Each structure stands twice: as structure tokens, then as C-alpha cells.
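See below for entry-v5.json, which holds JSON, C-alpha atoms.
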```
[["chain", "number", "residue", "atom", "x", "y", "z"],
["E", 7, "MET", "CA", 37.94, 39.28, 37.96],
["E", 8, "THR", "CA", 35.28, 37.23, 36.57],
["E", 9, "VAL", "CA", 34.42, 35.60, 39.84],
["E", 10, "ILE", "CA", 33.00, 38.72, 41.44],
["E", 11, "PRO", "CA", 30.44, 39.54, 38.70],
["E", 12, "GLY", "CA", 29.23, 35.91, 38.91],
["E", 13, "LEU", "CA", 28.90, 36.22, 42.64],
["E", 14, "VAL", "CA", 27.12, 39.54, 42.33],
["E", 15, "ARG", "CA", 24.74, 38.05, 39.78],
["E", 16, "ARG", "CA", 24.05, 35.13, 42.04],
["E", 17, "ALA", "CA", 23.53, 37.42, 45.02],
["E", 18, "ALA", "CA", 21.20, 39.59, 42.95],
["E", 19, "VAL", "CA", 19.20, 36.58, 41.77],
["E", 20, "GLY", "CA", 18.99, 35.30, 45.35],
["E", 21, "ALA", "CA", 17.93, 38.74, 46.62],
["E", 22, "GLU", "CA", 15.33, 39.02, 43.86],
["E", 23, "ARG", "CA", 13.97, 35.58, 44.74],
["E", 24, "HIS", "CA", 13.83, 36.48, 48.43],
["E", 25, "LEU", "CA", 12.04, 39.71, 47.57],
["E", 26, "ARG", "CA", 9.46, 37.84, 45.49],
["E", 27, "GLU", "CA", 8.93, 35.34, 48.30],
["E", 28, "GLY", "CA", 8.63, 38.23, 50.74],
["E", 29, "ILE", "CA", 6.08, 39.96, 48.53],
["E", 30, "GLY", "CA", 4.12, 36.69, 48.30],
["E", 31, "LEU", "CA", 4.31, 36.42, 52.07],
["E", 32, "LEU", "CA", 3.10, 40.02, 52.47],
["E", 33, "VAL", "CA", 0.15, 39.27, 50.17],
["E", 34, "LYS", "CA", -0.68, 36.21, 52.26],
["E", 35, "VAL", "CA", -0.37, 38.23, 55.44],
["E", 36, "GLY", "CA", -2.63, 40.86, 53.94],
["E", 37, "ARG", "CA", -5.22, 38.24, 53.16],
["E", 38, "ASP", "CA", -4.75, 36.80, 56.65],
["E", 39, "LEU", "CA", -5.27, 40.30, 58.06],
["E", 40, "GLU", "CA", -8.62, 40.46, 56.31],
["E", 41, "ARG", "CA", -9.46, 37.07, 57.70],
["E", 42, "SER", "CA", -8.12, 38.08, 61.08],
["E", 43, "ALA", "CA", -10.37, 41.15, 61.03],
["E", 44, "GLU", "CA", -13.34, 38.97, 60.07],
["E", 45, "LEU", "CA", -12.41, 36.46, 62.80],
["E", 46, "GLY", "CA", -12.07, 39.35, 65.25],
["E", 47, "ARG", "CA", -15.65, 40.37, 64.47],
["E", 48, "LEU", "CA", -16.85, 36.72, 64.89],
["E", 49, "LEU", "CA", -14.81, 36.15, 68.05],
["E", 50, "PRO", "CA", -17.51, 37.32, 70.52],
["E", 51, "SER", "CA", -20.07, 34.94, 68.96],
["E", 52, "TYR", "CA", -17.54, 32.10, 69.18],
["E", 53, "VAL", "CA", -16.79, 32.98, 72.80],
["E", 54, "GLU", "CA", -20.54, 33.00, 73.50],
["E", 55, "ARG", "CA", -20.93, 29.59, 71.81],
["E", 56, "VAL", "CA", -18.00, 28.22, 73.82],
["E", 57, "ALA", "CA", -19.59, 29.54, 77.02],
["E", 58, "ILE", "CA", -22.92, 27.90, 76.09],
["E", 59, "LEU", "CA", -21.12, 24.61, 75.35],
["E", 60, "GLU", "CA", -19.21, 24.83, 78.64],
["E", 61, "GLN", "CA", -22.50, 25.42, 80.50],
["E", 62, "ALA", "CA", -24.14, 22.45, 78.69],
["E", 63, "VAL", "CA", -21.16, 20.23, 79.56],
["E", 64, "GLN", "CA", -21.35, 21.33, 83.21],
["E", 65, "ASP", "CA", -25.11, 20.63, 83.28],
["E", 66, "GLN", "CA", -24.59, 17.20, 81.75],
["E", 67, "ASP", "CA", -21.77, 16.51, 84.20],
["E", 68, "ALA", "CA", -24.07, 17.42, 87.10],
["E", 69, "GLU", "CA", -26.82, 15.17, 85.67],
["E", 70, "LEU", "CA", -24.35, 12.30, 85.20],
["E", 71, "ARG", "CA", -23.11, 12.72, 88.77],
["E", 72, "THR", "CA", -26.74, 12.62, 89.99],
["E", 73, "ILE", "CA", -27.38, 9.48, 87.93],
["E", 74, "ARG", "CA", -24.17, 7.94, 89.24],
["E", 75, "THR", "CA", -25.25, 8.66, 92.82],
["E", 76, "GLU", "CA", -28.68, 7.13, 92.17],
["E", 77, "LEU", "CA", -27.09, 4.07, 90.56],
["E", 78, "ASP", "CA", -24.75, 3.62, 93.52],
["E", 79, "SER", "CA", -27.77, 3.90, 95.84],
["E", 80, "LEU", "CA", -29.73, 1.33, 93.79],
["E", 81, "VAL", "CA", -26.79, -1.06, 93.76],
["E", 82, "GLY", "CA", -26.45, -0.68, 97.52],
["E", 83, "GLN", "CA", -30.18, -1.31, 98.03],
["E", 84, "LEU", "CA", -30.10, -4.34, 95.73],
["E", 85, "ASN", "CA", -27.11, -5.71, 97.57],
["E", 86, "ASP", "CA", -28.80, -5.14, 100.92],
["E", 87, "ARG", "CA", -32.17, -6.57, 99.88],
["E", 88, "LEU", "CA", -31.50, -9.08, 97.15],
["E", 89, "LEU", "CA", -28.20, -10.74, 97.98],
["E", 90, "PRO", "CA", -29.25, -12.08, 101.40],
["E", 91, "ARG", "CA", -32.40, -13.50, 99.80],
["E", 92, "ILE", "CA", -30.38, -15.01, 97.00],
["E", 93, "ASP", "CA", -28.17, -16.72, 99.56],
["E", 94, "GLU", "CA", -31.26, -17.96, 101.39],
["E", 95, "ARG", "CA", -32.80, -19.19, 98.14],
["E", 96, "MET", "CA", -29.57, -20.93, 97.20],
["E", 97, "ASP", "CA", -29.48, -22.57, 100.64],
["E", 98, "ASP", "CA", -33.14, -23.59, 100.29],
["E", 99, "THR", "CA", -32.47, -24.96, 96.83],
["E", 100, "GLU", "CA", -29.46, -26.93, 98.08],
["E", 101, "ARG", "CA", -31.57, -28.36, 100.93],
["E", 102, "ASP", "CA", -34.37, -29.26, 98.51],
["E", 103, "LEU", "CA", -31.88, -30.88, 96.18],
["E", 104, "ALA", "CA", -30.36, -32.87, 99.05],
["E", 105, "ALA", "CA", -33.85, -33.99, 100.12],
["E", 106, "VAL", "CA", -34.71, -35.07, 96.58],
["E", 107, "ALA", "CA", -31.40, -36.92, 96.24],
["E", 108, "THR", "CA", -31.97, -38.64, 99.59],
["E", 109, "SER", "CA", -35.50, -39.57, 98.54],
["E", 110, "VAL", "CA", -34.23, -40.97, 95.26],
["E", 111, "ILE", "CA", -31.58, -42.99, 97.09],
["E", 112, "ARG", "CA", -34.15, -44.28, 99.59],
["E", 113, "THR", "CA", -36.54, -45.10, 96.76],
["E", 114, "GLY", "CA", -33.72, -46.97, 95.03],
["E", 115, "ARG", "CA", -32.97, -48.89, 98.21],
["E", 116, "ASP", "CA", -36.67, -49.59, 98.78],
["E", 117, "THR", "CA", -37.00, -50.68, 95.18],
["E", 118, "ALA", "CA", -34.02, -52.98, 95.57],
["E", 119, "GLY", "CA", -35.48, -54.31, 98.85],
["E", 120, "ASN", "CA", -38.89, -54.71, 97.27],
["E", 121, "GLY", "CA", -37.28, -56.43, 94.30],
["E", 122, "ALA", "CA", -35.61, -58.89, 96.66],
["E", 123, "ARG", "CA", -38.92, -59.39, 98.48],
["E", 124, "LEU", "CA", -40.71, -59.91, 95.17],
["E", 125, "GLU", "CA", -38.14, -62.48, 94.13],
["E", 126, "ALA", "CA", -38.55, -64.28, 97.47],
["E", 127, "ALA", "CA", -42.34, -64.12, 97.13],
["E", 128, "GLU", "CA", -42.13, -65.46, 93.58],
["E", 129, "ARG", "CA", -39.92, -68.33, 94.78],
["E", 130, "ARG", "CA", -42.39, -69.04, 97.60],
["E", 131, "ILE", "CA", -45.32, -68.92, 95.18],
["E", 132, "GLY", "CA", -43.47, -71.29, 92.87],
["E", 133, "ASP", "CA", -42.85, -73.64, 95.81],
["E", 134, "LEU", "CA", -46.52, -73.44, 96.80],
["E", 135, "ARG", "CA", -47.61, -74.15, 93.24],
["E", 136, "THR", "CA", -45.34, -77.19, 93.21],
["E", 137, "LYS", "CA", -46.82, -78.37, 96.52],
["E", 138, "ILE", "CA", -50.36, -77.74, 95.25],
["E", 139, "ALA", "CA", -49.60, -79.79, 92.14],
["E", 140, "GLN", "CA", -48.20, -82.58, 94.33],
["E", 141, "LEU", "CA", -51.26, -82.35, 96.61],
["E", 142, "GLU", "CA", -53.59, -82.50, 93.61],
["E", 143, "GLN", "CA", -51.70, -85.53, 92.38],
["E", 144, "ARG", "CA", -51.95, -87.18, 95.83],
["E", 145, "THR", "CA", -55.64, -86.23, 96.04],
["E", 146, "GLY", "CA", -56.16, -87.85, 92.66],
["E", 147, "LEU", "CA", -54.37, -90.97, 93.85],
["E", 148, "TRP", "CA", -56.41, -90.95, 97.09],
["E", 149, "ARG", "CA", -59.67, -90.68, 95.14],
["E", 150, "ASP", "CA", -58.56, -93.48, 92.85],
["E", 151, "LEU", "CA", -57.75, -95.55, 95.95],
["E", 152, "GLN", "CA", -61.13, -94.71, 97.51],
["E", 153, "SER", "CA", -62.98, -95.65, 94.36],
["E", 154, "THR", "CA", -60.95, -98.86, 94.08],
["E", 155, "VAL", "CA", -61.69, -99.75, 97.74],
["E", 156, "ALA", "CA", -65.36, -98.88, 97.23],
["E", 157, "ARG", "CA", -65.48, -101.15, 94.17],
["E", 158, "PHE", "CA", -63.65, -103.80, 96.14],
["E", 159, "GLY", "CA", -66.28, -103.54, 98.91],
["E", 160, "ASP", "CA", -69.07, -103.71, 96.33],
["E", 161, "ASP", "CA", -67.40, -106.74, 94.74],
["E", 162, "LEU", "CA", -67.01, -108.34, 98.15],
["E", 163, "ASP", "CA", -70.69, -107.74, 98.95],
["E", 164, "ALA", "CA", -71.66, -109.20, 95.60],
["E", 165, "MET", "CA", -69.52, -112.26, 96.22],
["E", 166, "ARG", "CA", -71.07, -112.80, 99.63],
["E", 167, "SER", "CA", -74.53, -112.58, 98.27],
["E", 168, "ARG", "CA", -73.67, -115.21, 95.65],
["E", 169, "MET", "CA", -72.08, -117.56, 98.06],
["E", 170, "ALA", "CA", -74.28, -119.92, 99.89],
["E", 171, "LEU", "CA", -73.54, -119.77, 103.51],
["E", 172, "ARG", "CA", -73.02, -123.23, 104.93],
["E", 173, "ALA", "CA", -73.05, -122.24, 108.40],
["E", 174, "ALA", "CA", -76.19, -121.57, 110.16],
["E", 175, "GLU", "CA", -77.34, -118.16, 110.82],
["E", 176, "PRO", "CA", -74.86, -116.13, 112.78],
["E", 177, "PRO", "CA", -75.54, -115.77, 116.45],
["E", 178, "ALA", "CA", -78.11, -113.20, 117.29],
["E", 179, "ASP", "CA", -75.84, -111.24, 119.54],
["E", 180, "ALA", "CA", -73.13, -110.83, 116.77],
["E", 181, "PRO", "CA", -73.53, -107.93, 114.37],
["E", 182, "PRO", "CA", -73.50, -108.73, 110.68],
["E", 183, "ALA", "CA", -70.06, -108.45, 109.06],
["E", 184, "THR", "CA", -70.07, -105.86, 106.27],
["E", 185, "VAL", "CA", -67.32, -103.87, 104.67],
["E", 186, "GLN", "CA", -67.73, -100.14, 105.08],
["E", 187, "ASN", "CA", -67.06, -97.76, 102.27],
["E", 188, "ILE", "CA", -64.03, -95.60, 103.08],
["E", 189, "THR", "CA", -65.84, -92.55, 101.86],
["E", 190, "ASP", "CA", -68.61, -93.22, 104.39],
["E", 191, "ARG", "CA", -66.19, -93.21, 107.35],
["E", 192, "PRO", "CA", -66.13, -90.17, 109.59],
["E", 193, "ALA", "CA", -62.92, -88.21, 109.28]]
```

Please rewrite the model in this file as C-alpha cells.
Amino acid sequence: MTVIPGLVRRAAVGAERHLREGIGLLVKVGRDLERSAELGRLLPSYVERVAILEQAVQDQDAELRTIRTELDSLVGQLNDRLLPRIDERMDDTERDLAAVATSVIRTGRDTAGNGARLEAAERRIGDLRTKIAQLEQRTGLWRDLQSTVARFGDDLDAMRSRMALRAAEPPADAPPATVQNITDRPA
């Protein structure tokens, strides 16, 4: 029966190993007991620290709630005071913008109208300049004609004075026949 001693040996080795692991575990537990005792002594100070932290968190929570309430109040006040004014300002700005746009459009129309008037005035001025030039030309021709007629009258008077009159003196009741200068005539 060789199987049984092998099994016994294996069981003994396994038991020995379990015992060693158990002893190691007991050593660890012993160390943990020392730590546990030390932690037991420090536990009241940790509990006190936790209580202080809880109180600090509660105080901060109360402060944050107060700040939140104040912020909600400020937002409400801003909405009540500022938003209606913003709407009014936006309306005013839209009206001002519409007025400016209307003014620009009117100015554009006036400019276009004035441009058309200027073009008509320039055409009229051009026509008047043409007429003035024609009038100056006619005036020049008229002056030339007047000077020619005046010379003709002077030539006629000179010819009369050179000619010997055959007839006797003109009758006393007849006025002398002379050519008048056109420039001397009343207008």
C-alpha cells in the first residue's frame, strides 16, 4: 500500500503549509491588533476632526445658499430694471436707424432730383451761351452795318458838296435834304 503513505505525506505537507500560512496570518493579525489599538487611541481625534469638517461644510453650505439667494435677487432686480430699458433702447435704436435710413433715401432722391435740375440748368446755360454768342455776332454785324451806313452818309455828303448844284437854291419853305446817321436816330 504505497498509495496511502504518499497521500499521508501530501496531507502532512498541505497541513504544514496551512499551518505556516496560519502562523503568518496570526502574526499579521497581531501587528494589526497593535495598529488597531493605536487607531483606537486616535479615533476620538479623528471623530473630532470629522465633526469639525462637517461643521465647516455646513457653514459653507449655508454661505453658498445665502449667496445663491442674493444672486437670484440680483438677477431678478436686473431683469426688472434693465431688461425693460434694454427693450426701450433697442426700440429707440431701431427708430433712429429707420430715421437715418429714411434721411439717406430722401437725400439720395434729393440728390438725384438736384442732379436732374443741375443738368437742366447746365443745358439752359449752354443754350443761353449759344444765344449770347449769336447776339454778339448779330450785334457785331449791326455795328458793321451802322458804320457802313454812316460812311455811306459821309460819302454822300462829300459827293453833294463836290457837285455843283444846277438848280437854284431850294425853296425857302423846304428843309434841306441831308442823310441822318443811323446811330443818331432815337431808338

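Across the structure, atom CA of E:Glu76 and atom CA of E:Leu88 are spaced 17.2 Å apart.
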
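Taking atom CA of E:Ala57 and atom CA of E:Ile73 as the two end points, the separation is 24.1 Å.
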
If you take every atom of stretch 155-162 of chain E that the file lists and fit an axis-aligned box around them with 5 Å extra on each side, what centre and edge lengths come out in Å to one decimal, as JSON?
```
{"center_x": -65.4, "center_y": -103.6, "center_z": 96.5, "size_x": 17.4, "size_y": 19.5, "size_z": 14.7}
```

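When atom CA of E:Glu128 is paired with atom CA of E:Gly114, their separation reads 20.4 Å.
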
Test item: write stretch 25-140 of chain E with C-alpha atoms as a CSV table (one decimal), in the first residue's frame:
```csv
chain,number,residue,atom,x,y,z
E,25,LEU,CA,-0.1,25.9,9.5
E,26,ARG,CA,2.7,28.2,8.2
E,27,GLU,CA,0.2,30.4,6.4
E,28,GLY,CA,-2.0,30.5,9.5
E,29,ILE,CA,1.0,31.5,11.7
E,30,GLY,CA,1.8,34.2,9.1
E,31,LEU,CA,-1.8,35.3,9.3
E,32,LEU,CA,-1.7,35.3,13.1
E,33,VAL,CA,1.5,37.5,13.0
E,34,LYS,CA,-0.2,39.9,10.7
E,35,VAL,CA,-3.3,40.0,12.9
E,36,GLY,CA,-1.1,40.6,15.9
E,37,ARG,CA,0.5,43.6,14.1
E,38,ASP,CA,-2.9,44.7,13.0
E,39,LEU,CA,-4.0,44.5,16.6
E,40,GLU,CA,-1.2,46.8,17.6
E,41,ARG,CA,-2.3,49.1,14.8
E,42,SER,CA,-5.9,48.7,15.8
E,43,ALA,CA,-5.1,49.7,19.4
E,44,GLU,CA,-3.2,52.7,18.1
E,45,LEU,CA,-6.1,53.6,15.8
E,46,GLY,CA,-8.5,53.1,18.7
E,47,ARG,CA,-6.5,55.7,20.7
E,48,LEU,CA,-6.5,58.1,17.7
E,49,LEU,CA,-10.2,57.5,16.9
E,50,PRO,CA,-11.6,60.3,19.1
E,51,SER,CA,-9.3,62.9,17.5
E,52,TYR,CA,-10.4,61.6,14.0
E,53,VAL,CA,-14.0,61.8,15.1
E,54,GLU,CA,-13.4,65.4,16.4
E,55,ARG,CA,-11.7,66.3,13.0
E,56,VAL,CA,-14.7,64.8,11.1
E,57,ALA,CA,-17.1,66.8,13.3
E,58,ILE,CA,-15.1,70.0,12.6
E,59,LEU,CA,-15.1,69.2,8.9
E,60,GLU,CA,-18.8,68.5,8.9
E,61,GLN,CA,-19.4,71.9,10.7
E,62,ALA,CA,-17.2,73.7,8.2
E,63,VAL,CA,-19.1,72.1,5.3
E,64,GLN,CA,-22.4,73.0,6.8
E,65,ASP,CA,-21.2,76.6,7.3
E,66,GLN,CA,-20.0,76.8,3.7
E,67,ASP,CA,-23.3,75.3,2.5
E,68,ALA,CA,-25.2,78.0,4.5
E,69,GLU,CA,-23.0,80.7,3.0
E,70,LEU,CA,-23.4,79.3,-0.5
E,71,ARG,CA,-27.2,79.2,0.0
E,72,THR,CA,-27.1,82.9,1.1
E,73,ILE,CA,-25.0,83.8,-1.9
E,74,ARG,CA,-27.4,81.9,-4.2
E,75,THR,CA,-30.3,83.7,-2.7
E,76,GLU,CA,-28.6,87.1,-3.2
E,77,LEU,CA,-27.7,86.2,-6.8
E,78,ASP,CA,-31.3,85.2,-7.5
E,79,SER,CA,-32.4,88.5,-6.1
E,80,LEU,CA,-29.8,90.4,-8.2
E,81,VAL,CA,-30.9,88.6,-11.3
E,82,GLY,CA,-34.5,89.4,-10.6
E,83,GLN,CA,-33.7,93.1,-10.0
E,84,LEU,CA,-31.6,93.3,-13.1
E,85,ASN,CA,-34.4,91.6,-15.1
E,86,ASP,CA,-37.0,94.0,-13.6
E,87,ARG,CA,-34.8,97.2,-14.1
E,88,LEU,CA,-32.6,96.5,-17.0
E,89,LEU,CA,-34.5,94.4,-19.5
E,90,PRO,CA,-37.4,96.9,-20.0
E,91,ARG,CA,-34.8,99.6,-20.6
E,92,ILE,CA,-32.9,97.4,-23.0
E,93,ASP,CA,-36.1,96.8,-24.9
E,94,GLU,CA,-36.8,100.6,-24.9
E,95,ARG,CA,-33.2,101.3,-26.0
E,96,MET,CA,-33.5,98.7,-28.8
E,97,ASP,CA,-36.7,100.3,-29.9
E,98,ASP,CA,-35.2,103.7,-29.8
E,99,THR,CA,-32.2,102.5,-31.8
E,100,GLU,CA,-34.4,100.9,-34.4
E,101,ARG,CA,-36.4,104.1,-34.7
E,102,ASP,CA,-33.2,106.1,-35.0
E,103,LEU,CA,-31.9,103.7,-37.6
E,104,ALA,CA,-35.1,103.9,-39.6
E,105,ALA,CA,-35.0,107.7,-39.4
E,106,VAL,CA,-31.4,107.7,-40.7
E,107,ALA,CA,-32.2,105.3,-43.5
E,108,THR,CA,-35.2,107.4,-44.5
E,109,SER,CA,-33.0,110.5,-44.4
E,110,VAL,CA,-30.4,108.8,-46.5
E,111,ILE,CA,-33.0,107.7,-49.0
E,112,ARG,CA,-34.5,111.2,-49.1
E,113,THR,CA,-31.1,112.7,-49.6
E,114,GLY,CA,-30.4,110.3,-52.4
E,115,ARG,CA,-33.7,111.2,-54.0
E,116,ASP,CA,-33.0,115.0,-53.5
E,117,THR,CA,-29.5,114.5,-54.9
E,118,ALA,CA,-30.9,112.7,-57.9
E,119,GLY,CA,-33.5,115.5,-58.3
E,120,ASN,CA,-30.9,118.1,-57.8
E,121,GLY,CA,-28.7,116.3,-60.3
E,122,ALA,CA,-31.5,116.4,-62.9
E,123,ARG,CA,-32.1,120.1,-62.1
E,124,LEU,CA,-28.4,120.8,-62.5
E,125,GLU,CA,-28.3,119.0,-65.8
E,126,ALA,CA,-31.4,121.0,-67.0
E,127,ALA,CA,-29.7,124.2,-65.7
E,128,GLU,CA,-26.5,123.4,-67.5
E,129,ARG,CA,-28.4,122.7,-70.7
E,130,ARG,CA,-30.2,126.1,-70.3
E,131,ILE,CA,-27.0,127.9,-69.6
E,132,GLY,CA,-25.5,126.2,-72.7
E,133,ASP,CA,-28.5,127.4,-74.7
E,134,LEU,CA,-28.1,130.9,-73.3
E,135,ARG,CA,-24.4,131.0,-74.1
E,136,THR,CA,-25.2,130.0,-77.6
E,137,LYS,CA,-27.9,132.7,-77.9
E,138,ILE,CA,-25.4,135.3,-76.4
E,139,ALA,CA,-22.8,134.3,-78.9
E,140,GLN,CA,-25.4,134.6,-81.7
```
